[in-house]
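Peer 1: My structure is stored as protein_21.txt, with compact mmCIF, C-alpha atoms.
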```
# COMPACT_ATOMS: atom_id res chain seq x y z
CA MET D 76 -1.71 -21.14 -11.29
CA PRO D 77 0.08 -18.45 -9.23
CA GLU D 78 -2.38 -16.34 -7.21
CA ARG D 79 -0.92 -13.07 -8.47
CA TYR D 80 -2.19 -13.75 -12.01
CA VAL D 81 -5.79 -14.59 -11.14
CA ALA D 82 -7.02 -10.98 -11.05
CA ARG D 83 -5.65 -10.27 -14.52
CA MET D 84 -7.75 -13.04 -16.07
CA THR D 85 -11.14 -11.84 -14.83
CA GLY D 86 -11.51 -9.04 -17.36
CA SER D 87 -11.94 -6.37 -14.65
CA LYS D 88 -9.52 -4.25 -12.65
CA ALA D 89 -9.16 -5.84 -9.20
CA THR D 90 -9.09 -2.98 -6.69
CA ALA D 91 -8.36 -2.54 -3.00
CA VAL D 92 -9.41 0.61 -1.13
CA TYR D 93 -7.67 2.01 1.95
CA ILE D 94 -9.53 4.56 4.10
CA ASP D 95 -8.02 6.89 6.67
CA GLY D 96 -11.04 7.02 8.98
CA TYR D 97 -9.85 10.10 10.88
CA ASN D 98 -9.31 12.02 7.64
CA LEU D 99 -12.66 10.94 6.23
CA TYR D 100 -14.57 11.85 9.38
CA TYR D 101 -13.03 15.25 10.05
CA GLY D 102 -12.56 16.15 6.40
CA ARG D 103 -16.07 15.38 5.17
CA ILE D 104 -18.43 13.42 7.45
CA ARG D 105 -18.38 15.37 10.71
CA GLY D 106 -21.44 17.56 11.15
CA THR D 107 -23.43 15.75 8.45
CA PRO D 108 -26.24 13.15 8.73
CA TYR D 109 -24.12 10.66 6.75
CA LYS D 110 -21.99 9.07 9.49
CA TRP D 111 -23.68 5.65 9.08
CA LEU D 112 -21.73 5.37 5.85
CA ASP D 113 -21.57 2.15 3.84
CA LEU D 114 -17.97 2.38 2.71
CA ALA D 115 -18.12 -0.47 0.22
CA THR D 116 -21.22 0.88 -1.55
CA LEU D 117 -19.73 4.37 -1.69
CA PHE D 118 -16.45 3.26 -3.23
CA GLU D 119 -18.07 0.85 -5.65
CA ALA D 120 -19.92 3.84 -7.08
CA LEU D 121 -16.84 6.08 -7.07
CA LEU D 122 -14.70 3.45 -8.76
CA HIS D 123 -17.29 2.76 -11.44
CA SER D 124 -17.57 6.48 -12.12
CA GLN D 125 -13.80 6.75 -12.48
CA ASP D 126 -13.37 3.57 -14.54
CA PRO D 127 -16.28 1.18 -15.28
CA SER D 128 -13.82 -1.71 -15.55
CA SER D 129 -12.82 -1.36 -11.88
CA ARG D 130 -13.98 -4.05 -9.47
CA LEU D 131 -13.95 -3.45 -5.72
CA ASP D 132 -12.47 -6.51 -4.01
CA VAL D 133 -11.64 -5.32 -0.50
CA VAL D 134 -11.99 -2.25 1.72
CA ARG D 135 -9.45 -1.69 4.49
CA TYR D 136 -10.51 0.88 7.07
CA PHE D 137 -8.00 2.44 9.50
CA SER D 138 -8.95 4.46 12.57
CA ALA D 139 -8.52 4.65 16.34
CA PRO D 140 -11.01 4.07 19.19
CA ALA D 141 -13.07 7.09 20.21
CA LEU D 142 -12.18 8.30 23.71
CA ALA D 143 -15.28 9.06 25.78
CA ARG D 144 -13.65 11.74 27.94
CA PHE D 145 -12.81 13.84 24.88
CA ALA D 146 -15.93 13.12 22.79
CA THR D 147 -18.91 15.46 22.41
CA HIS D 148 -21.38 12.76 23.49
CA GLY D 149 -19.10 11.05 26.00
CA GLN D 150 -19.62 7.32 26.34
CA ALA D 151 -22.38 7.48 23.71
CA SER D 152 -19.77 8.48 21.13
CA THR D 153 -17.66 5.44 21.98
CA ALA D 154 -20.70 3.17 21.75
CA ALA D 155 -21.72 4.75 18.43
CA GLN D 156 -18.31 4.14 16.89
CA GLN D 157 -18.29 0.54 18.11
CA SER D 158 -21.76 -0.03 16.65
CA TYR D 159 -20.63 1.42 13.35
CA HIS D 160 -17.58 -0.82 13.17
CA ARG D 161 -19.65 -3.89 14.05
CA ALA D 162 -22.24 -2.94 11.43
CA LEU D 163 -19.61 -2.62 8.70
CA GLU D 164 -18.03 -5.96 9.56
CA ARG D 165 -21.37 -7.73 9.85
CA PHE D 166 -22.76 -6.29 6.61
CA HIS D 167 -19.69 -6.95 4.47
CA GLY D 168 -17.90 -9.85 6.18
CA SER D 169 -14.35 -10.61 5.07
CA ARG D 170 -14.64 -8.10 2.23
CA LEU D 171 -14.08 -5.30 4.75
CA SER D 172 -11.45 -5.13 7.48
CA ILE D 173 -10.94 -2.62 10.30
CA THR D 174 -7.56 -1.85 11.83
CA LEU D 175 -7.45 0.34 14.94
CA GLY D 176 -4.45 2.31 16.13
CA THR D 177 -4.05 4.23 19.36
CA HIS D 178 -3.97 7.80 20.70
CA SER D 179 -1.21 9.90 22.18
CA PHE D 180 -2.29 12.52 24.73
CA ASP D 181 -0.13 15.35 26.05
CA LYS D 182 -1.43 15.45 29.63
CA ASP D 183 0.83 18.27 30.78
CA GLY D 184 -0.34 20.79 28.21
CA THR D 185 2.45 22.06 25.98
CA PRO D 186 2.89 25.86 26.14
CA LEU D 187 2.33 27.29 22.65
CA PRO D 188 2.31 30.88 21.37
CA ARG D 189 -1.10 32.52 21.63
CA TYR D 190 -2.73 33.76 18.44
CA ASP D 191 -4.62 37.03 18.68
CA ALA D 192 -5.37 38.77 15.38
CA SER D 193 -5.77 42.11 17.16
CA LYS D 194 -2.23 42.11 18.58
CA PRO D 195 1.32 41.83 17.17
CA PHE D 196 2.71 38.30 17.30
CA ASP D 197 4.62 37.65 20.52
CA ARG D 198 6.36 34.30 20.98
CA MET D 199 6.63 34.91 24.72
CA ASP D 200 2.84 35.19 25.11
CA ARG D 201 2.04 31.51 25.55
CA VAL D 202 -0.87 29.40 26.70
CA ARG D 203 -0.93 25.75 27.77
CA VAL D 204 -2.98 23.45 25.50
CA TRP D 205 -3.72 19.74 25.53
CA LYS D 206 -2.97 17.77 22.39
CA LEU D 207 -4.61 14.52 21.29
CA GLU D 208 -3.10 12.68 18.32
CA GLU D 209 -4.10 9.53 16.51
CA LYS D 210 -1.16 7.16 16.21
CA LYS D 211 -0.23 4.26 13.89
CA THR D 212 -2.91 4.87 11.24
CA ASP D 213 -0.47 6.13 8.59
CA VAL D 214 1.97 3.28 9.20
CA ASN D 215 -0.75 0.61 9.26
CA LEU D 216 -2.27 1.95 6.06
CA ALA D 217 1.07 2.19 4.24
CA LEU D 218 2.08 -1.34 5.25
CA ALA D 219 -1.26 -2.75 4.10
CA MET D 220 -0.93 -1.04 0.70
CA TYR D 221 2.59 -2.30 0.17
CA ARG D 222 1.78 -5.86 1.21
CA ASP D 223 -1.25 -5.94 -1.09
CA ALA D 224 0.84 -4.59 -3.95
CA TRP D 225 3.46 -7.28 -3.32
CA SER D 226 0.79 -10.02 -3.26
CA GLY D 227 -0.02 -9.34 -6.90
CA LYS D 228 -3.75 -9.78 -6.27
CA PHE D 229 -4.69 -6.25 -7.29
CA GLU D 230 -4.25 -4.07 -10.32
CA GLN D 231 -5.38 -0.87 -8.61
CA LEU D 232 -4.96 0.54 -5.11
CA VAL D 233 -7.04 3.53 -4.01
CA VAL D 234 -6.46 5.53 -0.83
CA CYS D 235 -9.03 7.83 0.76
CA SER D 236 -7.05 10.53 2.55
CA ASN D 237 -5.77 14.05 2.21
CA ASP D 238 -2.81 13.50 4.54
CA SER D 239 0.57 14.12 2.94
CA ASP D 240 2.10 11.52 5.29
CA VAL D 241 0.75 8.88 2.88
CA ALA D 242 2.78 10.34 -0.01
CA PRO D 243 6.01 8.36 0.68
CA ALA D 244 4.04 5.11 0.45
CA LEU D 245 2.53 6.15 -2.88
CA ALA D 246 5.94 7.17 -4.19
CA ALA D 247 7.43 3.79 -3.22
CA LEU D 248 4.52 1.90 -4.80
CA ARG D 249 4.80 3.93 -7.99
CA GLU D 250 8.50 3.11 -8.24
CA ASP D 251 8.42 -0.55 -7.17
CA PHE D 252 5.20 -1.55 -8.97
CA PRO D 253 5.02 0.57 -12.15
CA ALA D 254 2.12 -1.44 -13.62
CA LEU D 255 -0.08 -0.76 -10.58
CA VAL D 256 -2.72 1.98 -10.89
CA LEU D 257 -2.83 4.31 -7.87
CA GLY D 258 -5.88 6.45 -7.11
CA VAL D 259 -6.60 9.05 -4.43
CA VAL D 260 -9.99 10.14 -3.11
CA THR D 261 -9.70 13.25 -0.96
CA PRO D 262 -12.49 13.51 1.64
CA ARG D 263 -13.34 17.18 1.11
CA TRP D 264 -16.46 19.29 0.73
CA PRO D 265 -17.23 20.22 -2.88
CA PRO D 266 -16.89 23.98 -3.44
CA VAL D 267 -20.18 24.05 -5.38
CA GLU D 268 -22.04 23.39 -2.14
CA GLY D 269 -20.74 26.63 -0.68
CA LYS D 270 -18.69 24.97 2.02
CA SER D 271 -15.09 24.90 0.95
CA SER D 272 -12.62 22.65 2.74
CA HIS D 273 -10.19 24.14 5.26
CA ARG D 274 -7.48 22.24 3.37
CA SER D 275 -6.65 22.11 -0.30
CA VAL D 276 -5.91 18.83 -2.05
CA SER D 277 -2.50 17.51 -0.97
CA SER D 278 -0.21 18.17 -3.93
CA SER D 279 2.14 15.36 -2.85
CA LEU D 280 -0.67 12.78 -3.00
CA ASP D 281 -1.82 14.08 -6.36
CA GLU D 282 1.75 13.98 -7.68
CA HIS D 283 2.23 10.27 -6.99
CA SER D 284 -1.23 9.04 -8.07
CA HIS D 285 -2.55 8.23 -11.52
CA TRP D 286 -5.90 9.85 -10.75
CA THR D 287 -7.39 11.98 -7.98
CA ARG D 288 -10.98 12.57 -6.92
CA GLN D 289 -11.02 15.94 -5.15
CA HIS D 290 -14.30 15.82 -3.19
CA LEU D 291 -17.32 13.78 -2.11
CA LEU D 292 -20.86 14.92 -2.92
CA ASP D 293 -23.75 14.89 -0.46
CA GLU D 294 -25.75 12.87 -2.99
CA GLU D 295 -23.06 10.18 -3.07
CA LEU D 296 -22.94 9.95 0.72
CA LYS D 297 -26.72 9.95 1.07
CA VAL D 298 -27.29 6.91 -1.16
CA ALA D 299 -24.43 4.97 0.46
CA GLN D 300 -25.87 4.46 3.93
CA LEU D 301 -26.09 1.22 5.89
CA PRO D 302 -29.53 -0.11 6.89
CA GLU D 303 -30.66 1.52 10.14
CA LYS D 304 -31.02 -1.96 11.66
CA ILE D 305 -28.68 -4.84 10.86
CA HIS D 306 -29.73 -8.30 12.01
CA THR D 307 -27.08 -10.46 13.65
CA GLY D 308 -29.03 -13.52 14.79
CA LYS D 309 -29.03 -12.08 18.30
CA LYS D 310 -29.40 -8.41 19.24
CA PRO D 311 -29.55 -6.29 16.06
CA ILE D 312 -27.11 -3.47 15.44
CA ARG D 313 -28.94 -0.16 15.23
CA LYS D 314 -27.91 3.21 13.90
CA PRO D 315 -27.16 5.49 16.92
CA LEU D 316 -29.77 8.17 17.51
CA HIS D 317 -27.30 11.06 17.51
CA TRP D 318 -25.89 9.92 14.15
```
Using C-alpha cells, write down the structure from this file.

Peer 2:
Amino acid sequence: MPERYVARMTGSKATAVYIDGYNLYYGRIRGTPYKWLDLATLFEALLHSQDPSSRLDVVRYFSAPALARFATHGQASTAAQQSYHRALERFHGSRLSITLGTHSFDKDGTPLPRYDASKPFDRMDRVRVWKLEEKKTDVNLALAMYRDAWSGKFEQLVVCSNDSDVAPALAALREDFPALVLGVVTPRWPPVEGKSSHRSVSSSLDEHSHWTRQHLLDEELKVAQLPEKIHTGKKPIRKPLHW
C-alpha cells in the first residue's frame, strides 16, 4: 500500500508542526519562566483544542545557535540552549527534529538614521549600529513543509510563527495541495493578560491558512514543561538555573 494513503486510514488527522524557534522565543517565551518548554505536549493540547480529530505525528523545530558574545548570560546562554535541544531530542526521540541555521553579523556597524521623538526627523543625523540576523530558518522551514506535503503522509501542517516571510510557502501549499489543512499558531501574548504583543497577527499568514490561533496562554505554557531532570543513562540533562 502506498505510504501516502496510510494516514487517511487511521481515522485521525495526521499532523506535522513546524516551529520558528526565534519567533517563538522573542514573541512569547522571552522573559517568562516557561523556556523549558515541551513543544510536543504544548502542540498536542493546542491541536486537540482546535480539532479533537487531529493527531500530532512530528514536530520540526528550526532555530540558530545562541552566540555567547551577544547573549545576556554569555556562555551560560549557549549551554542552556544546547541543554534544551538535547532534552527535547532525548525526551521525544525521532518524533521531534531540530534544524539549526546560522547568523549574519554586520561587524562594521551600518549607519542608520537616529530616532529622537523630541526632534524633527533628520536623515543626515545617523548613528552606527551592529546588526545580528538569524539566517536560513525561513528557507529550512518552508522546504520541510513542502517536502512533507509532497510525501502525502500528513493531512494537516501547522506552523508556529508570526513572520510574513513564511506566507509564500503557505500560498504555494494551498495552491498545490488543496486538500491539505494549513494552520497557524502565532506566538503572541494574549491581550487579556495586559501585555499586548508589539506585533499584530500577520495578515498574510492568516490569509493563506485555514485556521489561526492568535496567542498562547500562560496556563498552556505552564503545563507543557519538560521534567527538570531528564535521565540519559549517563549524565542527566538538567533545566538551567537561569531558565

Peer 1: Measuring atom to atom with only C-alpha atoms, identify which of D:His160, D:Arg198, D:Arg170, D:Lys228 is nearest to Lys88 of chain D.

Peer 2: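 So, comparing all the options, the nearest one is D:Lys228.
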
Peer 1: For segment 285-293 of chain D, list every protein, DNA or RNA residue within 6 Å, evaluated using only C-alpha atoms, and leave out those in the same chain fewer than 4 positions away; present the list as an MDAnalysis selection string.

Peer 2: chainID D and resid 257:265 297

Peer 1: Calculate how many Å separate atom CA of Glu295 of chain D from atom CA of Thr153 of chain D, rounding to one decimal.

Peer 2: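 Between atom CA of Glu295 of chain D and atom CA of Thr153 of chain D the gap works out to 26.1 Å.
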
Peer 1: Hey, can you check how far atom CA of Arg161 of chain D sits from atom CA of Arg222 of chain D?

Peer 2: 25.1 Å

Peer 1: Taking 2 positions as the minimum chain separation for residues in the same chain, which residues sit within 8 Å of Asp113 of chain D when counting all atoms listed in the file? Answer as JSON, numbers by chain.

Peer 2: {"D": [111, 115, 116, 117, 163, 299, 300, 301]}

Peer 1: With only C-alpha atoms as the basis for distance, which of D:Cys235, D:Val202, D:Leu218, D:Ala141 is at the shortest distance from Val276 of chain D?

Peer 2: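 Closest residue, counting only C-alpha atoms: D:Cys235.
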
Peer 1: For segment 236-243 of chain D, list every protein, DNA or RNA residue within 6 Å, evaluated using all atoms listed in the file, and leave out those in the same chain fewer than 4 positions away; present the list as a VMD selection string.

Peer 2: chain D and resid 95 98 261 277 279 to 280

Peer 1: Nearest to Pro253 of chain D among D:Met199, D:Ile312, D:Ala224, D:Leu175, with distances taken over only C-alpha atoms: which residue is it?

Peer 2: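 Of D:Met199, D:Ile312, D:Ala224, D:Leu175, the one nearest Pro253 of chain D, counting only C-alpha atoms, is D:Ala224.
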
Peer 1: What lies within 12 Å of Lys110 of chain D using all atoms listed in the file, ignoring chain neighbours under 4 positions off, as a list in words?

Peer 2: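 Within the cut-off, the hits are Gly96, Leu99, Tyr100, Tyr101, Arg103, Ile104, Arg105, Gly106, Leu114, Ser152, Ala155, Gln156, Ser158, Tyr159, His160, Leu163, Asp293, Leu296, Lys297, Ala299, Gln300, Leu301, Glu303, Lys314, Pro315, Leu316, His317 and Trp318 of chain D.
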
Peer 1: Smallest atom-to-atom distance to Tyr136 of chain D: which of D:Ala254, D:Leu245, D:Ala219, D:Leu122, using only C-alpha atoms?

Peer 2: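 Nearest candidate to Tyr136 of chain D out of D:Ala254, D:Leu245, D:Ala219, D:Leu122: D:Ala219.
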
Peer 1: Fewer than 3 positions away in the same chain doesn't count, so skip those; otherwise give me all residues within 8 Å of Val92 of chain D, counting all atoms listed in the file, as a PyMOL selection string.

Peer 2: chain D and resi 118+131+133-135+232-235

Peer 1: Distance atom CA of Asp132 of chain D-atom CA of Phe229 of chain D, one decimal place?

Peer 2: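 These atoms are spaced 8.4 Å apart.
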